[in-house]
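Chemist: Submitted below is the structure of interest, expressed as C-alpha cells.
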Amino acid sequence: MQPLALRSRSSLVQAVLSLSALLLSVTFASRTEAQVLGAPGTVAIGVENVTGYDAITRKYNNVNNVEITDTTTQFSLLFKTGARVGVHYFFIPRVSLGGSLGYESFAGSTTQPDGGGNYSVDKGTNSKFLLHLKAGYLLPLSNSAGFWFRAGPGVIRSGTHPQAYDRYVVTETFWTVGLDVLFVYAPLPVVGFFAGPTGDISFVGRHSEENFGNNNDQSYSHSGSYRRLGLDLGMMAMF
C-alpha cells in the first residue's frame, strides 16, 4: 500500500492538473470565440474608404433653373480624399450597429511675381462633412473571413467659402441612403481589412448659392441630387 502522504500528494497533483486543463480549455474557447468575426461584444474601429475608386454625380438647377450635371471620378492606390473613421459594435452575433464620420477642408493661396514684388490671392476654402449611420450583418465564411452587408441613412454637407475675387458662397446638403457589400479578412485576431462595392444615393438634397459681391448677381436655392458608386478598401482593429 502507498503511504497516506504519497496518496494525498498524488491526489493534489491530479487536482492541480485537472484545474489547469480546465482553465486552459476555457481560455482557448474564449480566445477562439473572440477570433470569430461578428462575435457579440466586438467593437470594430477602422478607417474606411482609404483607397479605391469613386464615381460621383451631382445634379442641381442653376439661377436660371437650368439643370446642371456635375460628375467626378477618382482613383487612388494610396490615401484619397473622402476617407473617414468608422465605429461599429456587434451587440448580438453577426449583427452590428455603428457609423462613420469624416471631415475635410482645402484652402491655400496662389502667388506670382507682380512688378517688383509678389501678388498673392487666396484660393478660398472648400470643406466637406459627412455622417453615415449603418446597421450591418456579417456572414462568416470562416473565423477570419466573411461578407459584411451594411446599410443606413447619412448626411453630406459641403461648402465653398468666399474669396477676394469671387464673392459667393455655395453650400450643398444631401440626405442619403447607403449600402456596402464588403469582404472582410482578419489575418490576426485584432486586425482586419475589408474591400468591396459601396454606394450612396440621396433622397433629399439642396444646392444654394449666396452672392453678395455684385448686386447684379442673384442668390438662390434649388433642390439637388447626389449619387456615389465606389469600390473601396479600408482597415480596422477589433476589440
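The chains in the C-alpha cells are called A, B, ... from first to last as shown; in each chain the residues are counted from 1, and the ligands are counted from 1 in the order shown.
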Can you tell me which residues surround Thr173 in chain A at a distance of at most 7 Å, considering only C-alpha atoms, apart from same-chain residues fewer than 5 positions away, and format the answer as a PyMOL selection string?
Modeler: chain A and resi 156-158+205-207
Chemist: Could you name the residues that touch Glu104 in chain A at 12 Å or less, counting only C-alpha atoms, but leaving out those on the same chain fewer than 6 positions away, as a ChimeraX atom specification?
Modeler: /A:80-84,125-130,156-159
Chemist: Filtering to C-alpha atoms, could you give me those residues as a PDB file, in the first residue's frame?
Modeler:
```
ATOM      1  CA  LYS A  80      -7.551  59.542 -51.052  1.00  0.00           C
ATOM      2  CA  THR A  81      -9.963  62.308 -50.164  1.00  0.00           C
ATOM      3  CA  GLY A  82     -13.130  61.039 -48.580  1.00  0.00           C
ATOM      4  CA  ALA A  83     -11.508  58.738 -46.005  1.00  0.00           C
ATOM      5  CA  ARG A  84     -13.450  58.523 -42.739  1.00  0.00           C
ATOM      6  CA  THR A 125     -11.890  77.299 -48.527  1.00  0.00           C
ATOM      7  CA  ASN A 126     -13.717  74.171 -49.601  1.00  0.00           C
ATOM      8  CA  SER A 127     -14.978  71.935 -46.812  1.00  0.00           C
ATOM      9  CA  LYS A 128     -16.975  68.716 -46.613  1.00  0.00           C
ATOM     10  CA  PHE A 129     -18.620  66.939 -43.696  1.00  0.00           C
ATOM     11  CA  LEU A 130     -20.308  63.544 -43.755  1.00  0.00           C
ATOM     12  CA  ILE A 156     -23.288  65.003 -46.638  1.00  0.00           C
ATOM     13  CA  ARG A 157     -22.733  68.758 -46.409  1.00  0.00           C
ATOM     14  CA  SER A 158     -20.185  70.749 -48.392  1.00  0.00           C
ATOM     15  CA  GLY A 159     -19.395  74.433 -48.722  1.00  0.00           C
TER      16      GLY A 159
END
```
Chemist: Between CA of Gly46 in chain A and CA of Gly199 in chain A, what is the distance, to one decimal in Å?
Modeler: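 Result for CA of Gly46 in chain A versus CA of Gly199 in chain A: 18.3 Å, one decimal.
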Chemist: Near Lys123 in chain A, within 7 Å and counting only C-alpha atoms, which residues show up once chain neighbours fewer than 3 positions away are dropped, as a list in words?
Modeler: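 Surrounding residues, per the criterion: Ala107, Gly108, Ser109, Thr110 and Gln163 of chain A.
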Chemist: Those same residues, written as a PDB file, in the first residue's frame with N, CA and C atoms?
Modeler:
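selection25.pdb was written with the following content:
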```pdb
ATOM      1  N   ALA A 107      -7.731  74.666 -48.461  1.00  0.00           N
ATOM      2  CA  ALA A 107      -7.529  76.114 -48.557  1.00  0.00           C
ATOM      3  C   ALA A 107      -6.103  76.361 -49.019  1.00  0.00           C
ATOM      4  N   GLY A 108      -5.812  77.588 -49.376  1.00  0.00           N
ATOM      5  CA  GLY A 108      -4.460  77.917 -49.811  1.00  0.00           C
ATOM      6  C   GLY A 108      -4.431  79.256 -50.519  1.00  0.00           C
ATOM      7  N   SER A 109      -3.375  79.486 -51.261  1.00  0.00           N
ATOM      8  CA  SER A 109      -3.217  80.745 -51.982  1.00  0.00           C
ATOM      9  C   SER A 109      -2.358  80.507 -53.214  1.00  0.00           C
ATOM     10  N   THR A 110      -2.441  81.449 -54.153  1.00  0.00           N
ATOM     11  CA  THR A 110      -1.628  81.443 -55.367  1.00  0.00           C
ATOM     12  C   THR A 110      -0.794  82.718 -55.387  1.00  0.00           C
ATOM     13  N   GLN A 163     -13.958  84.260 -51.504  1.00  0.00           N
ATOM     14  CA  GLN A 163     -12.578  84.648 -51.703  1.00  0.00           C
ATOM     15  C   GLN A 163     -12.548  86.065 -52.267  1.00  0.00           C
TER      16      GLN A 163
END
```
Chemist: Step one, run DSSP on the backbone; step two, keep only residues of range 28-223 of chain A assigned to alpha helix (DSSP H); then write them as a list in words.
Modeler: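 For range 28-223 of chain A, the alpha helix (DSSP H) set is Phe28, Ala29, Ser30, Arg31, Thr32, Glu33, Ala34 and Gln35 of chain A.
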Chemist: Between A:Ile45, A:Val121, A:Val169, A:Ile56, which residue has the minimum interatomic distance to Phe90 in chain A, considering only C-alpha atoms?
Modeler: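 Closest candidate: A:Ile45.
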Chemist: Which is closer to Leu37 in chain A than all the others in A:Pro187, A:Pro113, A:Gly102, A:Gly152, using only C-alpha atoms?
Modeler: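 Smallest separation from Leu37 in chain A among the options: A:Pro187.
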